[in-house]
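Okay, data_1.cif is below, mmCIF, C-alpha atoms:
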data_query
#
loop_
_atom_site.group_PDB
_atom_site.id
_atom_site.type_symbol
_atom_site.label_atom_id
_atom_site.label_comp_id
_atom_site.auth_asym_id
_atom_site.auth_seq_id
_atom_site.Cartn_x
_atom_site.Cartn_y
_atom_site.Cartn_z
ATOM 1 C CA MET A 1 -77.055 9.929 -20.117
ATOM 2 C CA LYS A 2 -77.199 10.044 -16.334
ATOM 3 C CA GLU A 3 -78.395 6.448 -15.930
ATOM 4 C CA LEU A 4 -75.559 5.128 -18.079
ATOM 5 C CA LEU A 5 -72.925 7.047 -16.142
ATOM 6 C CA ASN A 6 -74.345 5.794 -12.836
ATOM 7 C CA CYS A 7 -74.189 2.193 -14.108
ATOM 8 C CA TYR A 8 -70.658 2.794 -15.302
ATOM 9 C CA LYS A 9 -69.508 4.198 -11.951
ATOM 10 C CA ASP A 10 -71.146 1.320 -10.073
ATOM 11 C CA THR A 11 -69.261 -1.110 -12.315
ATOM 12 C CA THR A 12 -65.839 0.481 -11.965
ATOM 13 C CA ALA A 13 -66.326 0.740 -8.203
ATOM 14 C CA MET A 14 -66.887 -3.038 -8.014
ATOM 15 C CA VAL A 15 -64.138 -4.473 -10.181
ATOM 16 C CA ASN A 16 -60.556 -5.015 -9.028
ATOM 17 C CA PHE A 17 -58.488 -5.628 -12.130
ATOM 18 C CA ASP A 18 -56.934 -9.042 -12.742
ATOM 19 C CA ILE A 19 -55.737 -9.814 -16.277
ATOM 20 C CA THR A 20 -55.787 -13.565 -15.607
ATOM 21 C CA ALA A 21 -59.450 -13.645 -14.556
ATOM 22 C CA GLY A 22 -60.685 -14.162 -18.121
ATOM 23 C CA ALA A 23 -59.754 -17.835 -17.912
ATOM 24 C CA ASP A 24 -62.780 -18.353 -15.655
ATOM 25 C CA ILE A 25 -65.305 -17.342 -18.336
ATOM 26 C CA SER A 26 -67.394 -20.269 -19.606
ATOM 27 C CA ALA A 27 -68.489 -20.059 -23.245
ATOM 28 C CA MET A 28 -71.205 -22.649 -22.530
ATOM 29 C CA MET A 29 -73.110 -20.565 -19.990
ATOM 30 C CA SER A 30 -76.016 -18.390 -21.028
ATOM 31 C CA ILE A 31 -75.380 -14.657 -20.969
ATOM 32 C CA SER A 32 -77.916 -14.359 -18.151
ATOM 33 C CA GLU A 33 -76.223 -17.004 -15.989
ATOM 34 C CA LEU A 34 -72.757 -15.720 -16.803
ATOM 35 C CA ALA A 35 -73.615 -12.119 -15.922
ATOM 36 C CA GLU A 36 -75.175 -13.207 -12.614
ATOM 37 C CA LYS A 37 -72.184 -15.402 -11.764
ATOM 38 C CA VAL A 38 -69.631 -12.749 -12.667
ATOM 39 C CA GLU A 39 -71.404 -10.025 -10.680
ATOM 40 C CA LYS A 40 -71.708 -12.317 -7.643
ATOM 41 C CA ASN A 41 -68.052 -13.367 -7.802
ATOM 42 C CA ILE A 42 -66.857 -9.771 -8.185
ATOM 43 C CA SER A 43 -69.061 -8.696 -5.263
ATOM 44 C CA ASN A 44 -67.411 -11.422 -3.183
ATOM 45 C CA GLY A 45 -63.931 -10.089 -3.899
ATOM 46 C CA ALA A 46 -62.858 -11.913 -7.066
ATOM 47 C CA GLY A 47 -60.800 -9.982 -9.599
ATOM 48 C CA GLY A 48 -61.964 -9.223 -13.122
ATOM 49 C CA CYS A 49 -60.762 -8.128 -16.543
ATOM 50 C CA CYS A 50 -62.474 -6.524 -19.544
ATOM 51 C CA ILE A 51 -65.100 -9.244 -20.042
ATOM 52 C CA HIS A 52 -66.145 -9.160 -16.373
ATOM 53 C CA SER A 53 -66.426 -5.372 -16.378
ATOM 54 C CA SER A 54 -68.363 -5.339 -19.636
ATOM 55 C CA LEU A 55 -70.745 -8.110 -18.558
ATOM 56 C CA ILE A 56 -71.569 -6.304 -15.332
ATOM 57 C CA LEU A 57 -72.054 -2.998 -17.135
ATOM 58 C CA ALA A 58 -74.283 -4.529 -19.838
ATOM 59 C CA LYS A 59 -76.401 -6.198 -17.144
ATOM 60 C CA LYS A 60 -76.806 -2.947 -15.230
ATOM 61 C CA LEU A 61 -77.687 -1.060 -18.414
ATOM 62 C CA LYS A 62 -80.360 -3.622 -19.304
ATOM 63 C CA GLU A 63 -81.860 -3.279 -15.832
ATOM 64 C CA ASN A 64 -82.130 0.459 -16.533
ATOM 65 C CA GLY A 65 -83.724 0.021 -19.955
ATOM 66 C CA ILE A 66 -80.588 0.727 -21.991
ATOM 67 C CA THR A 67 -79.692 -1.607 -24.867
ATOM 68 C CA SER A 68 -76.012 -2.299 -25.416
ATOM 69 C CA SER A 69 -73.745 -4.475 -27.520
ATOM 70 C CA PHE A 70 -70.280 -5.913 -27.054
ATOM 71 C CA ILE A 71 -67.491 -4.538 -29.207
ATOM 72 C CA TYR A 72 -64.275 -6.549 -29.548
ATOM 73 C CA THR A 73 -60.837 -5.287 -30.477
ATOM 74 C CA ARG A 74 -57.435 -6.967 -30.482
ATOM 75 C CA GLU A 75 -55.320 -6.321 -27.408
ATOM 76 C CA PRO A 76 -51.691 -7.307 -26.859
ATOM 77 C CA TYR A 77 -50.737 -7.708 -23.223
ATOM 78 C CA ASP A 78 -47.889 -9.018 -21.124
ATOM 79 C CA TYR A 79 -48.507 -12.391 -19.508
ATOM 80 C CA ASN A 80 -45.677 -13.897 -17.469
ATOM 81 C CA GLY A 81 -43.122 -11.902 -19.413
ATOM 82 C CA LYS A 82 -44.472 -12.809 -22.846
ATOM 83 C CA GLU A 83 -46.563 -10.676 -25.180
ATOM 84 C CA VAL A 84 -49.877 -12.397 -25.862
ATOM 85 C CA MET A 85 -52.539 -11.259 -28.326
ATOM 86 C CA GLY A 86 -55.935 -11.243 -26.658
ATOM 87 C CA THR A 87 -59.315 -9.594 -27.084
ATOM 88 C CA ARG A 88 -60.533 -6.411 -25.437
ATOM 89 C CA VAL A 89 -64.276 -6.566 -24.720
ATOM 90 C CA SER A 90 -66.055 -3.241 -24.289
ATOM 91 C CA VAL A 91 -69.636 -1.966 -24.380
ATOM 92 C CA LEU A 92 -71.147 -0.165 -27.366
ATOM 93 C CA TYR A 93 -74.248 1.994 -26.895
ATOM 94 C CA TYR A 94 -76.242 4.564 -28.833
ATOM 95 C CA ASP A 95 -76.849 8.012 -27.366
ATOM 96 C CA GLN A 96 -80.278 9.155 -28.548
ATOM 97 C CA ASP A 97 -79.565 12.802 -27.708
ATOM 98 C CA ALA A 98 -76.186 12.996 -29.448
ATOM 99 C CA LYS A 99 -77.360 10.694 -32.282
ATOM 100 C CA GLU A 100 -74.054 8.888 -32.070
ATOM 101 C CA TYR A 101 -72.530 5.577 -30.983
ATOM 102 C CA PHE A 102 -70.127 5.564 -28.046
ATOM 103 C CA VAL A 103 -68.014 2.914 -26.337
ATOM 104 C CA ALA A 104 -67.790 2.455 -22.589
ATOM 105 C CA ASN A 105 -64.546 0.744 -21.615
ATOM 106 C CA PRO A 106 -64.910 0.194 -17.840
ATOM 107 C CA VAL A 107 -61.795 -1.939 -17.494
ATOM 108 C CA GLU A 108 -59.653 1.163 -18.063
ATOM 109 C CA ASP A 109 -60.896 2.874 -14.928
ATOM 110 C CA ALA A 110 -61.086 -0.383 -12.959
ATOM 111 C CA GLU A 111 -57.412 -0.999 -13.737
ATOM 112 C CA LEU A 112 -56.466 2.563 -12.809
ATOM 113 C CA PHE A 113 -58.310 2.419 -9.484
ATOM 114 C CA THR A 114 -56.872 -1.012 -8.676
ATOM 115 C CA MET A 115 -53.332 0.111 -9.470
ATOM 116 C CA LEU A 116 -53.778 3.067 -7.105
ATOM 117 C CA GLY A 117 -55.211 0.825 -4.389
ATOM 118 C CA LEU A 118 -58.453 2.802 -4.145
ATOM 119 C CA ASP A 119 -61.203 1.220 -2.078
ATOM 120 C CA SER A 120 -64.567 0.926 -3.837
ATOM 121 C CA SER A 121 -66.132 3.630 -1.681
ATOM 122 C CA LEU A 122 -63.449 6.116 -2.732
ATOM 123 C CA ARG A 123 -63.823 5.612 -6.470
ATOM 124 C CA TYR A 124 -67.065 7.515 -7.048
ATOM 125 C CA ASP A 125 -65.488 10.808 -5.983
ATOM 126 C CA LYS A 126 -62.752 10.448 -8.607
ATOM 127 C CA TYR A 127 -65.191 11.322 -11.413
ATOM 128 C CA ASN A 128 -66.122 14.731 -12.756
ATOM 129 C CA SER A 129 -69.783 15.358 -13.564
ATOM 130 C CA ASP A 130 -69.208 14.524 -17.250
ATOM 131 C CA GLY A 131 -67.697 11.113 -16.441
ATOM 132 C CA THR A 132 -64.048 12.007 -16.890
ATOM 133 C CA VAL A 133 -61.666 10.770 -14.209
ATOM 134 C CA ARG A 134 -59.870 13.334 -12.048
ATOM 135 C CA ILE A 135 -56.621 11.350 -12.135
ATOM 136 C CA PRO A 136 -53.976 11.800 -14.866
ATOM 137 C CA LYS A 137 -54.264 8.781 -17.149
ATOM 138 C CA SER A 138 -50.628 9.210 -18.211
ATOM 139 C CA ILE A 139 -49.565 7.087 -15.257
ATOM 140 C CA MET A 140 -51.255 4.131 -16.966
ATOM 141 C CA GLY A 141 -48.852 4.127 -19.897
ATOM 142 C CA THR A 142 -50.815 2.908 -22.926
ATOM 143 C CA ILE A 143 -54.256 3.458 -21.383
ATOM 144 C CA VAL A 144 -54.956 7.107 -22.033
ATOM 145 C CA SER A 145 -58.696 7.641 -22.578
ATOM 146 C CA GLU A 146 -59.776 10.869 -20.944
ATOM 147 C CA ASP A 147 -63.307 9.550 -20.644
ATOM 148 C CA ALA A 148 -63.531 5.783 -20.814
ATOM 149 C CA SER A 149 -67.287 5.926 -20.271
ATOM 150 C CA ARG A 150 -67.918 7.822 -23.500
ATOM 151 C CA ILE A 151 -65.419 7.245 -26.303
ATOM 152 C CA PRO A 152 -66.786 7.944 -29.812
ATOM 153 C CA ALA A 153 -67.013 4.548 -31.500
ATOM 154 C CA SER A 154 -64.937 5.539 -34.519
ATOM 155 C CA ASP A 155 -62.150 6.859 -32.259
ATOM 156 C CA PHE A 156 -62.214 3.719 -30.140
ATOM 157 C CA ILE A 157 -61.970 1.413 -33.157
ATOM 158 C CA GLU A 158 -59.083 3.418 -34.608
ATOM 159 C CA ARG A 159 -57.218 3.414 -31.308
ATOM 160 C CA TYR A 160 -57.682 -0.162 -30.193
ATOM 161 C CA GLY A 161 -58.582 -1.992 -33.385
ATOM 162 C CA ASP A 162 -56.458 -0.235 -35.998
ATOM 163 C CA GLY A 163 -59.686 0.663 -37.795
ATOM 164 C CA GLU A 164 -61.494 -2.694 -37.448
ATOM 165 C CA ALA A 165 -63.547 -4.329 -34.716
ATOM 166 C CA TYR A 166 -66.288 -6.902 -34.165
ATOM 167 C CA ILE A 167 -69.703 -6.436 -32.593
ATOM 168 C CA SER A 168 -72.156 -8.761 -30.884
ATOM 169 C CA TYR A 169 -75.458 -6.925 -31.048
ATOM 170 C CA GLY A 170 -77.960 -6.668 -28.186
ATOM 171 C CA VAL A 171 -75.929 -8.502 -25.556
ATOM 172 C CA MET A 172 -78.709 -8.831 -22.985
ATOM 173 C CA GLU A 173 -81.650 -9.066 -25.399
ATOM 174 C CA ASP A 174 -81.549 -12.885 -25.684
ATOM 175 C CA ARG A 175 -80.373 -13.906 -22.239
ATOM 176 C CA ASN A 176 -80.603 -17.628 -23.069
ATOM 177 C CA LYS A 177 -77.945 -17.323 -25.749
ATOM 178 C CA THR A 178 -74.586 -18.643 -24.604
ATOM 179 C CA PHE A 179 -71.507 -16.476 -24.586
ATOM 180 C CA GLY A 180 -69.980 -18.799 -27.169
ATOM 181 C CA GLU A 181 -72.949 -18.266 -29.498
ATOM 182 C CA LEU A 182 -72.858 -14.520 -28.937
ATOM 183 C CA PHE A 183 -69.152 -14.395 -29.742
ATOM 184 C CA SER A 184 -69.433 -16.608 -32.840
ATOM 185 C CA GLU A 185 -72.263 -14.508 -34.318
ATOM 186 C CA ARG A 186 -70.278 -11.280 -34.161
ATOM 187 C CA ALA A 187 -70.064 -8.975 -37.182
ATOM 188 C CA MET A 188 -67.065 -6.995 -38.386
ATOM 189 C CA VAL A 189 -67.273 -3.194 -38.461
ATOM 190 C CA THR A 190 -64.818 -0.437 -39.324
ATOM 191 C CA ALA A 191 -64.197 3.006 -37.923
ATOM 192 C CA GLU A 192 -65.735 4.423 -41.099
ATOM 193 C CA ASP A 193 -69.032 2.711 -40.295
ATOM 194 C CA PHE A 194 -69.338 5.004 -37.295
ATOM 195 C CA SER A 195 -67.730 8.143 -38.661
ATOM 196 C CA ALA A 196 -71.095 9.502 -39.828
ATOM 197 C CA LYS A 197 -73.673 9.916 -37.066
ATOM 198 C CA ARG A 198 -76.521 7.501 -37.691
ATOM 199 C CA GLU A 199 -78.799 5.222 -35.736
ATOM 200 C CA THR A 200 -78.036 1.959 -37.491
ATOM 201 C CA VAL A 201 -74.804 0.300 -38.459
ATOM 202 C CA LEU A 202 -74.914 -2.274 -41.258
ATOM 203 C CA ARG A 203 -74.386 -5.813 -40.010
#

Translate this structure into structure tokens?
Amino acid sequence: MKELLNCYKDTTAMVNFDITAGADISAMMSISELAEKVEKNISNGAGGCCIHSSLILAKKLKENGITSSFIYTREPYDYNGKEVMGTRVSVLYYDQDAKEYFVANPVEDAELFTMLGLDSSLRYDKYNSDGTVRIPKSIMGTIVSEDASRIPASDFIERYGDGEAYISYGVMEDRNKTFGELFSERAMVTAEDFSAKRETVLR
């Protein structure tokens, strides 16, 4: 999906990773307002984490006629020397040609590029034509996806969710819905739900 990969590259070129940036997300704002605010702030130099990257990507996909959902998995991370359990927000989409669900996890590449100090203009050239990054991911420690733009959903859920995850369907379809409402209406899924290729996943 050329359009999806272009949206993905545009997103990872914009975002400079900042794990603390999630505190700025307002659950009371509509998805439309939140996506606009996040994209504007990132464009003006603010840092972002997984929710910022995923919001920007979902917005860009919608503008290109691609429907996407948010997929949430548990994520432990170090914050001021303490391990905190948080939530990884990524983007779930359906590939009509492959007849399969995939996850785009733009924060992985945004974090890699930020760690390496790569300017936005230099990031596009770090991708192969299939979306894989031409930089060894082993330097990232626990972040090892070879292609963070196209991870099979079942593999992603096994890796990051220990077999379970939550989904908010059609993120940009009701743009008046608040992020809090979107998050509270999420549905649990398992890796097995995606192990067979099919167009619908039971909610």

ask   = Between atom CA of Arg186 of chain A and atom CA of Tyr101 of chain A, what is the distance, to one decimal in Å?
value =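 Atom-to-atom, atom CA of Arg186 of chain A and atom CA of Tyr101 of chain A are spaced 17.3 Å apart.
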
note = The residue from A:Ser90, A:Asn80, A:Thr178, A:Ser68 with the smallest atom-to-atom distance to Leu34 of chain A, counting only C-alpha atoms, is A:Thr178

request  = Kindly resolve the PyMOL selection byres ((chain A and resi 156) around 12) on the present coordinates and return the residues as a PyMOL selection string.
outcome  = chain A and resi 71-74+88-92+101-105+143-155+157-165+189-192+194-195

Write out, as an mmCIF file, in the frame of the given file, the residues just selected, with C-alpha atoms.
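out.cif, freshly written:
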data_model
loop_
_atom_site.group_PDB
_atom_site.id
_atom_site.type_symbol
_atom_site.label_atom_id
_atom_site.label_comp_id
_atom_site.auth_asym_id
_atom_site.auth_seq_id
_atom_site.Cartn_x
_atom_site.Cartn_y
_atom_site.Cartn_z
ATOM 1 C CA ILE A 71 -67.491 -4.538 -29.207
ATOM 2 C CA TYR A 72 -64.275 -6.549 -29.548
ATOM 3 C CA THR A 73 -60.837 -5.287 -30.477
ATOM 4 C CA ARG A 74 -57.435 -6.967 -30.482
ATOM 5 C CA ARG A 88 -60.533 -6.411 -25.437
ATOM 6 C CA VAL A 89 -64.276 -6.566 -24.720
ATOM 7 C CA SER A 90 -66.055 -3.241 -24.289
ATOM 8 C CA VAL A 91 -69.636 -1.966 -24.380
ATOM 9 C CA LEU A 92 -71.147 -0.165 -27.366
ATOM 10 C CA TYR A 101 -72.530 5.577 -30.983
ATOM 11 C CA PHE A 102 -70.127 5.564 -28.046
ATOM 12 C CA VAL A 103 -68.014 2.914 -26.337
ATOM 13 C CA ALA A 104 -67.790 2.455 -22.589
ATOM 14 C CA ASN A 105 -64.546 0.744 -21.615
ATOM 15 C CA ILE A 143 -54.256 3.458 -21.383
ATOM 16 C CA VAL A 144 -54.956 7.107 -22.033
ATOM 17 C CA SER A 145 -58.696 7.641 -22.578
ATOM 18 C CA GLU A 146 -59.776 10.869 -20.944
ATOM 19 C CA ASP A 147 -63.307 9.550 -20.644
ATOM 20 C CA ALA A 148 -63.531 5.783 -20.814
ATOM 21 C CA SER A 149 -67.287 5.926 -20.271
ATOM 22 C CA ARG A 150 -67.918 7.822 -23.500
ATOM 23 C CA ILE A 151 -65.419 7.245 -26.303
ATOM 24 C CA PRO A 152 -66.786 7.944 -29.812
ATOM 25 C CA ALA A 153 -67.013 4.548 -31.500
ATOM 26 C CA SER A 154 -64.937 5.539 -34.519
ATOM 27 C CA ASP A 155 -62.150 6.859 -32.259
ATOM 28 C CA ILE A 157 -61.970 1.413 -33.157
ATOM 29 C CA GLU A 158 -59.083 3.418 -34.608
ATOM 30 C CA ARG A 159 -57.218 3.414 -31.308
ATOM 31 C CA TYR A 160 -57.682 -0.162 -30.193
ATOM 32 C CA GLY A 161 -58.582 -1.992 -33.385
ATOM 33 C CA ASP A 162 -56.458 -0.235 -35.998
ATOM 34 C CA GLY A 163 -59.686 0.663 -37.795
ATOM 35 C CA GLU A 164 -61.494 -2.694 -37.448
ATOM 36 C CA ALA A 165 -63.547 -4.329 -34.716
ATOM 37 C CA VAL A 189 -67.273 -3.194 -38.461
ATOM 38 C CA THR A 190 -64.818 -0.437 -39.324
ATOM 39 C CA ALA A 191 -64.197 3.006 -37.923
ATOM 40 C CA GLU A 192 -65.735 4.423 -41.099
ATOM 41 C CA PHE A 194 -69.338 5.004 -37.295
ATOM 42 C CA SER A 195 -67.730 8.143 -38.661
#

task = Would you translate the PyMOL selection byres ((chain A and resi 5-13) around 9) into the concrete set of residues it matches in this file, as a PyMOL selection string?
result = chain A and resi 1-4+14-16+53-54+56-58+60-61+64+104+106-111+113+119-124+127+130-131+149-150

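Taking atom CA of Thr67 of chain A as the reference point, atom CA of Gly22 of chain A is found at 23.8 Å.
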
Explicit residue set for the PyMOL selection byres ((chain A and resi 183) around 12), as a PDB file with C-alpha atoms, in the frame of the given file:
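Listing of part-v4.pdb after writing:
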ATOM      1  CA  SER A  26     -67.394 -20.269 -19.606  1.00  0.00           C
ATOM      2  CA  ALA A  27     -68.489 -20.059 -23.245  1.00  0.00           C
ATOM      3  CA  MET A  28     -71.205 -22.649 -22.530  1.00  0.00           C
ATOM      4  CA  SER A  30     -76.016 -18.390 -21.028  1.00  0.00           C
ATOM      5  CA  ILE A  31     -75.380 -14.657 -20.969  1.00  0.00           C
ATOM      6  CA  ILE A  51     -65.100  -9.244 -20.042  1.00  0.00           C
ATOM      7  CA  SER A  69     -73.745  -4.475 -27.520  1.00  0.00           C
ATOM      8  CA  PHE A  70     -70.280  -5.913 -27.054  1.00  0.00           C
ATOM      9  CA  ILE A  71     -67.491  -4.538 -29.207  1.00  0.00           C
ATOM     10  CA  TYR A  72     -64.275  -6.549 -29.548  1.00  0.00           C
ATOM     11  CA  THR A  87     -59.315  -9.594 -27.084  1.00  0.00           C
ATOM     12  CA  VAL A  89     -64.276  -6.566 -24.720  1.00  0.00           C
ATOM     13  CA  TYR A 166     -66.288  -6.902 -34.165  1.00  0.00           C
ATOM     14  CA  ILE A 167     -69.703  -6.436 -32.593  1.00  0.00           C
ATOM     15  CA  SER A 168     -72.156  -8.761 -30.884  1.00  0.00           C
ATOM     16  CA  TYR A 169     -75.458  -6.925 -31.048  1.00  0.00           C
ATOM     17  CA  GLY A 170     -77.960  -6.668 -28.186  1.00  0.00           C
ATOM     18  CA  VAL A 171     -75.929  -8.502 -25.556  1.00  0.00           C
ATOM     19  CA  LYS A 177     -77.945 -17.323 -25.749  1.00  0.00           C
ATOM     20  CA  THR A 178     -74.586 -18.643 -24.604  1.00  0.00           C
ATOM     21  CA  PHE A 179     -71.507 -16.476 -24.586  1.00  0.00           C
ATOM     22  CA  GLY A 180     -69.980 -18.799 -27.169  1.00  0.00           C
ATOM     23  CA  GLU A 181     -72.949 -18.266 -29.498  1.00  0.00           C
ATOM     24  CA  LEU A 182     -72.858 -14.520 -28.937  1.00  0.00           C
ATOM     25  CA  SER A 184     -69.433 -16.608 -32.840  1.00  0.00           C
ATOM     26  CA  GLU A 185     -72.263 -14.508 -34.318  1.00  0.00           C
ATOM     27  CA  ARG A 186     -70.278 -11.280 -34.161  1.00  0.00           C
ATOM     28  CA  ALA A 187     -70.064  -8.975 -37.182  1.00  0.00           C
ATOM     29  CA  MET A 188     -67.065  -6.995 -38.386  1.00  0.00           C
TER      30      MET A 188
END

query = What is the atom CA of Thr114 of chain A-atom CA of Glu83 of chain A distance in Å, reported with one decimal?
reply =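 Atom CA of Glu83 of chain A lies at a distance of 21.7 Å from atom CA of Thr114 of chain A.
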
Can segment 150-169 of chain A be brought up to N, CA and C atoms and written out as a compact mmCIF listing (two decimals), in the coordinates of the input?
# COMPACT_ATOMS: atom_id res chain seq x y z
N ARG A 150 -67.26 7.19 -22.35
CA ARG A 150 -67.92 7.82 -23.50
C ARG A 150 -66.91 8.12 -24.62
N ILE A 151 -66.37 7.08 -25.21
CA ILE A 151 -65.42 7.24 -26.30
C ILE A 151 -66.17 7.11 -27.62
N PRO A 152 -66.12 8.10 -28.51
CA PRO A 152 -66.79 7.94 -29.81
C PRO A 152 -66.35 6.64 -30.47
N ALA A 153 -67.31 5.89 -30.98
CA ALA A 153 -67.01 4.55 -31.50
C ALA A 153 -65.92 4.55 -32.56
N SER A 154 -65.96 5.51 -33.47
CA SER A 154 -64.94 5.54 -34.52
C SER A 154 -63.55 5.75 -33.92
N ASP A 155 -63.44 6.62 -32.90
CA ASP A 155 -62.15 6.86 -32.26
C ASP A 155 -61.66 5.60 -31.55
N PHE A 156 -62.58 4.92 -30.87
CA PHE A 156 -62.21 3.72 -30.14
C PHE A 156 -61.69 2.64 -31.08
N ILE A 157 -62.37 2.45 -32.21
CA ILE A 157 -61.97 1.41 -33.16
C ILE A 157 -60.63 1.74 -33.79
N GLU A 158 -60.39 3.02 -34.06
CA GLU A 158 -59.08 3.42 -34.61
C GLU A 158 -57.98 3.17 -33.58
N ARG A 159 -58.24 3.50 -32.34
CA ARG A 159 -57.22 3.41 -31.31
C ARG A 159 -56.89 1.98 -30.93
N TYR A 160 -57.91 1.18 -30.71
CA TYR A 160 -57.68 -0.16 -30.19
C TYR A 160 -57.76 -1.26 -31.25
N GLY A 161 -58.41 -0.96 -32.37
CA GLY A 161 -58.58 -1.99 -33.38
C GLY A 161 -57.90 -1.71 -34.70
N ASP A 162 -57.11 -0.63 -34.74
CA ASP A 162 -56.46 -0.24 -36.00
C ASP A 162 -57.47 -0.11 -37.13
N GLY A 163 -58.66 0.39 -36.79
CA GLY A 163 -59.69 0.66 -37.80
C GLY A 163 -60.73 -0.41 -37.95
N GLU A 164 -60.54 -1.59 -37.32
CA GLU A 164 -61.49 -2.69 -37.45
C GLU A 164 -61.85 -3.26 -36.08
N ALA A 165 -63.10 -3.71 -35.95
CA ALA A 165 -63.55 -4.33 -34.72
C ALA A 165 -64.68 -5.29 -35.04
N TYR A 166 -65.14 -6.01 -34.03
CA TYR A 166 -66.29 -6.90 -34.16
C TYR A 166 -67.35 -6.53 -33.14
N ILE A 167 -68.60 -6.78 -33.49
CA ILE A 167 -69.70 -6.44 -32.59
C ILE A 167 -70.63 -7.63 -32.42
N SER A 168 -71.04 -7.86 -31.18
CA SER A 168 -72.16 -8.76 -30.88
C SER A 168 -73.32 -7.88 -30.46
N TYR A 169 -74.36 -7.86 -31.27
CA TYR A 169 -75.46 -6.92 -31.05
C TYR A 169 -76.39 -7.38 -29.93
